[in-house]
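These notes concern the structure reproduced below.
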Amino acid sequence: MRVSSTDLKRYLAHVNLKNIGVIGQKKIIDSKILIIGLGGIGSPVATYLAAAGVKNIGIVDFDKIEISNLHRQILFSEKDIGSLKTKITKKKILEINSKARILDFNLKINNNNIINIAKNFDYVIDGTDNFSTKITINDYCKKFKKKLITGAISKFTGHIFFFNFKKKKSSCLRCFMPEIPNLNGIDCQSEGILGTIGGIVGTIIANETLKDILNFKNSIIGKILIINSENLNFKFVKLNKNKLCKTNCIYQRSNV
């Protein structure tokens, strides 16, 4: 896609950065990014990527907006309560960037539907709030060599994982979490969560996505970034590939 004179004016602050310039901005505009989960993490991710100029965005969620979402899910307001998250997110993204092409999927990701939803996207961003869905997304992305950025938040803490499955020796989420934990219905809502941690994690995910699009060398790929917003502590942990991980053998489409 050509960078128009309007785009040059709009993204002048990007273009003036020597590490981005016109060529870099064109890469941002042409990128294809799927965001799964439009809550505390997905809201800032969608906001910043749309504002940065990404024009090919997929959004996936099956929930409706509830009043309890509003303290951390920044795309939504009181008048949106009861509406589909996908519907309102698409509306808000187009208000930010009217040139964006939005594909919205009002459904819950599973082994049957993810292959058709995600196949045309270069990046998959996982902002979901349950481990079962995260593993499904991880297994699909590893098998089909997608770049995956996963975010998770709880109480005052956030975790970010960036996997480049185009590399043969890449670690994956199962290397960190071989089995899905049994939390007996506990989620971030029931155990409590500081609203801003979703914004911190989502903004960093958007930042890391743009850096990768622009081929910046300094990346968190292969690492876990752990953020504690209570004491403002940032910690990097290297995530090595688990030799016992058999993700490629696990992913399969169900016939149900």
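Residue numbering restarts at 1 for every chain of the structure tokens, chains are lettered A, B, ... in their displayed order, and ligands are numbered from 1 as they appear.
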Practice task
Taking the chain letters and numbering used in this document, name the residues of segment 19-255 of chain A that DSSP puts in helix (DSSP H, G or I), as a VMD selection string.
Solution key: chain A and resid 21 to 30 42 to 52 67 to 69 78 to 80 85 to 96 114 to 118 131 to 143 173 to 176 188 to 191 195 to 213 247 to 250
Any chance you could export the current selection's C-alpha atoms as a PDB file, in the first residue's frame?
ATOM      1  CA  GLY A  21      10.860   6.774   8.314  1.00  0.00           C
ATOM      2  CA  VAL A  22       8.496   6.346   5.358  1.00  0.00           C
ATOM      3  CA  ILE A  23       9.537   2.740   4.725  1.00  0.00           C
ATOM      4  CA  GLY A  24       8.925   1.756   8.331  1.00  0.00           C
ATOM      5  CA  GLN A  25       5.551   3.457   8.422  1.00  0.00           C
ATOM      6  CA  LYS A  26       4.548   1.573   5.286  1.00  0.00           C
ATOM      7  CA  LYS A  27       5.442  -1.686   7.080  1.00  0.00           C
ATOM      8  CA  ILE A  28       3.181  -0.693   9.968  1.00  0.00           C
ATOM      9  CA  ILE A  29       0.328   0.199   7.633  1.00  0.00           C
ATOM     10  CA  ASP A  30       0.630  -3.090   5.715  1.00  0.00           C
ATOM     11  CA  GLY A  42      -6.844  -6.122  24.205  1.00  0.00           C
ATOM     12  CA  SER A  43      -8.351  -2.648  24.615  1.00  0.00           C
ATOM     13  CA  PRO A  44      -5.040  -0.715  24.793  1.00  0.00           C
ATOM     14  CA  VAL A  45      -3.451  -3.005  22.186  1.00  0.00           C
ATOM     15  CA  ALA A  46      -6.217  -2.222  19.684  1.00  0.00           C
ATOM     16  CA  THR A  47      -6.110   1.483  20.522  1.00  0.00           C
ATOM     17  CA  TYR A  48      -2.384   1.949  20.045  1.00  0.00           C
ATOM     18  CA  LEU A  49      -2.012  -0.258  16.966  1.00  0.00           C
ATOM     19  CA  ALA A  50      -4.885   1.498  15.217  1.00  0.00           C
ATOM     20  CA  ALA A  51      -3.437   4.882  16.159  1.00  0.00           C
ATOM     21  CA  ALA A  52      -0.002   3.791  14.893  1.00  0.00           C
ATOM     22  CA  ILE A  67     -20.277  -2.605  34.274  1.00  0.00           C
ATOM     23  CA  SER A  68     -17.489  -4.543  36.036  1.00  0.00           C
ATOM     24  CA  ASN A  69     -15.354  -4.281  32.869  1.00  0.00           C
ATOM     25  CA  GLU A  78     -21.251   3.263  30.474  1.00  0.00           C
ATOM     26  CA  LYS A  79     -23.406   3.691  27.371  1.00  0.00           C
ATOM     27  CA  ASP A  80     -21.814   0.533  25.895  1.00  0.00           C
ATOM     28  CA  LYS A  85     -17.333  -6.107  22.700  1.00  0.00           C
ATOM     29  CA  THR A  86     -16.519  -6.771  19.046  1.00  0.00           C
ATOM     30  CA  LYS A  87     -19.173  -4.321  17.836  1.00  0.00           C
ATOM     31  CA  ILE A  88     -18.040  -1.477  20.096  1.00  0.00           C
ATOM     32  CA  THR A  89     -14.335  -2.156  19.544  1.00  0.00           C
ATOM     33  CA  LYS A  90     -14.777  -2.003  15.773  1.00  0.00           C
ATOM     34  CA  LYS A  91     -16.704   1.256  16.100  1.00  0.00           C
ATOM     35  CA  LYS A  92     -14.048   2.819  18.354  1.00  0.00           C
ATOM     36  CA  ILE A  93     -11.124   1.675  16.182  1.00  0.00           C
ATOM     37  CA  LEU A  94     -12.738   3.208  13.099  1.00  0.00           C
ATOM     38  CA  GLU A  95     -13.175   6.449  15.031  1.00  0.00           C
ATOM     39  CA  ILE A  96      -9.430   6.393  15.692  1.00  0.00           C
ATOM     40  CA  ILE A 114      -8.987 -20.656  14.920  1.00  0.00           C
ATOM     41  CA  ILE A 115      -7.424 -21.947  11.707  1.00  0.00           C
ATOM     42  CA  ASN A 116      -9.918 -20.081   9.499  1.00  0.00           C
ATOM     43  CA  ILE A 117      -9.828 -16.935  11.629  1.00  0.00           C
ATOM     44  CA  ALA A 118      -6.068 -16.561  12.060  1.00  0.00           C
ATOM     45  CA  PHE A 131      -5.487 -20.849  30.249  1.00  0.00           C
ATOM     46  CA  SER A 132      -7.410 -23.285  28.070  1.00  0.00           C
ATOM     47  CA  THR A 133      -7.886 -20.697  25.318  1.00  0.00           C
ATOM     48  CA  LYS A 134      -4.287 -19.539  25.652  1.00  0.00           C
ATOM     49  CA  ILE A 135      -3.050 -23.088  25.069  1.00  0.00           C
ATOM     50  CA  THR A 136      -5.318 -23.448  22.017  1.00  0.00           C
ATOM     51  CA  ILE A 137      -3.900 -20.223  20.554  1.00  0.00           C
ATOM     52  CA  ASN A 138      -0.332 -21.254  21.405  1.00  0.00           C
ATOM     53  CA  ASP A 139      -0.663 -24.684  19.794  1.00  0.00           C
ATOM     54  CA  TYR A 140      -2.166 -23.279  16.599  1.00  0.00           C
ATOM     55  CA  CYS A 141       0.453 -20.527  16.258  1.00  0.00           C
ATOM     56  CA  LYS A 142       3.317 -22.942  16.807  1.00  0.00           C
ATOM     57  CA  LYS A 143       2.035 -25.439  14.261  1.00  0.00           C
ATOM     58  CA  LEU A 173       3.684 -21.433  26.268  1.00  0.00           C
ATOM     59  CA  ARG A 174       3.670 -25.160  27.030  1.00  0.00           C
ATOM     60  CA  CYS A 175       7.382 -24.937  27.843  1.00  0.00           C
ATOM     61  CA  PHE A 176       6.334 -22.586  30.649  1.00  0.00           C
ATOM     62  CA  CYS A 188      -8.856 -12.104  37.500  1.00  0.00           C
ATOM     63  CA  GLN A 189     -12.239 -10.635  38.319  1.00  0.00           C
ATOM     64  CA  SER A 190     -12.843 -12.837  41.372  1.00  0.00           C
ATOM     65  CA  GLU A 191      -9.330 -12.596  42.808  1.00  0.00           C
ATOM     66  CA  GLY A 195      -7.122  -1.624  36.483  1.00  0.00           C
ATOM     67  CA  THR A 196      -3.894  -0.043  35.265  1.00  0.00           C
ATOM     68  CA  ILE A 197      -1.945  -3.315  34.969  1.00  0.00           C
ATOM     69  CA  GLY A 198      -3.969  -4.227  31.869  1.00  0.00           C
ATOM     70  CA  GLY A 199      -3.027  -0.902  30.314  1.00  0.00           C
ATOM     71  CA  ILE A 200       0.649  -1.377  31.130  1.00  0.00           C
ATOM     72  CA  VAL A 201       0.729  -4.883  29.646  1.00  0.00           C
ATOM     73  CA  GLY A 202      -1.347  -3.939  26.603  1.00  0.00           C
ATOM     74  CA  THR A 203       0.765  -0.888  25.828  1.00  0.00           C
ATOM     75  CA  ILE A 204       4.007  -2.877  26.057  1.00  0.00           C
ATOM     76  CA  ILE A 205       2.534  -5.576  23.790  1.00  0.00           C
ATOM     77  CA  ALA A 206       1.618  -2.915  21.218  1.00  0.00           C
ATOM     78  CA  ASN A 207       5.126  -1.478  21.536  1.00  0.00           C
ATOM     79  CA  GLU A 208       6.805  -4.879  21.060  1.00  0.00           C
ATOM     80  CA  THR A 209       4.587  -5.630  18.056  1.00  0.00           C
ATOM     81  CA  LEU A 210       5.582  -2.389  16.353  1.00  0.00           C
ATOM     82  CA  LYS A 211       9.264  -3.006  17.138  1.00  0.00           C
ATOM     83  CA  ASP A 212       9.075  -6.432  15.521  1.00  0.00           C
ATOM     84  CA  ILE A 213       7.301  -5.089  12.446  1.00  0.00           C
ATOM     85  CA  THR A 247       3.098 -29.077  20.869  1.00  0.00           C
ATOM     86  CA  ASN A 248       3.185 -29.914  17.173  1.00  0.00           C
ATOM     87  CA  CYS A 249       1.687 -33.306  17.975  1.00  0.00           C
ATOM     88  CA  ILE A 250      -1.028 -31.848  20.202  1.00  0.00           C
TER      89      ILE A 250
END
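For the pair atom CA of Lys32 of chain A and atom CA of Asn130 of chain A, the separation is 24.3 Å.
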Problem - Backbone-only DSSP, strand (DSSP E or B) members of segment 11-196 of chain A, as number ranges by chain - result: A: 32-36, 56-60, 64, 84, 101-105, 123-126, 147-155, 157-164, 193
Fill in the blank from the handout: Between A:Leu148, A:Leu225, A:Ile33, A:Leu70, smallest distance to Ser171 of chain A by only C-alpha atoms belongs to A:Leu148
Fill in the blank from the handout: note - atom CA of Val124 of chain A and atom CA of Ile35 of chain A are separated by 6.1 Å
Practice task
Return the single residue from A:Met177, A:Leu214, A:Ile149, A:Ile65 that is closest to Leu38 of chain A, with distances computed using only C-alpha atoms.
Solution key: A:Ile65
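Distances to Leu103 of chain A were evaluated for A:Arg2, A:Lys243, A:Lys235, A:Lys55 using only C-alpha atoms, and the minimum falls at A:Lys55.
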Exercise for the section: Select, from A:Val54, A:Leu194, A:Leu239, A:Ile74, the residue with the minimum atom-to-atom distance to Ser154 of chain A, counting only C-alpha atoms. Expected result: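 That would be A:Leu194, the residue with the smallest distance to Ser154 of chain A.
The shortest atom-to-atom distance to Lys146 of chain A, with only C-alpha atoms taken into account, belongs to A:Lys167 out of A:Lys167, A:Lys217, A:Lys64, A:His159.
Here atom CA of Ser170 of chain A is placed at a distance of 15.5 Å from atom CA of Tyr123 of chain A.
Nearest residue to Ile59 of chain A among A:Val3, A:Ile20, A:Ile102, A:Ile221 is A:Ile102, counting only C-alpha atoms.
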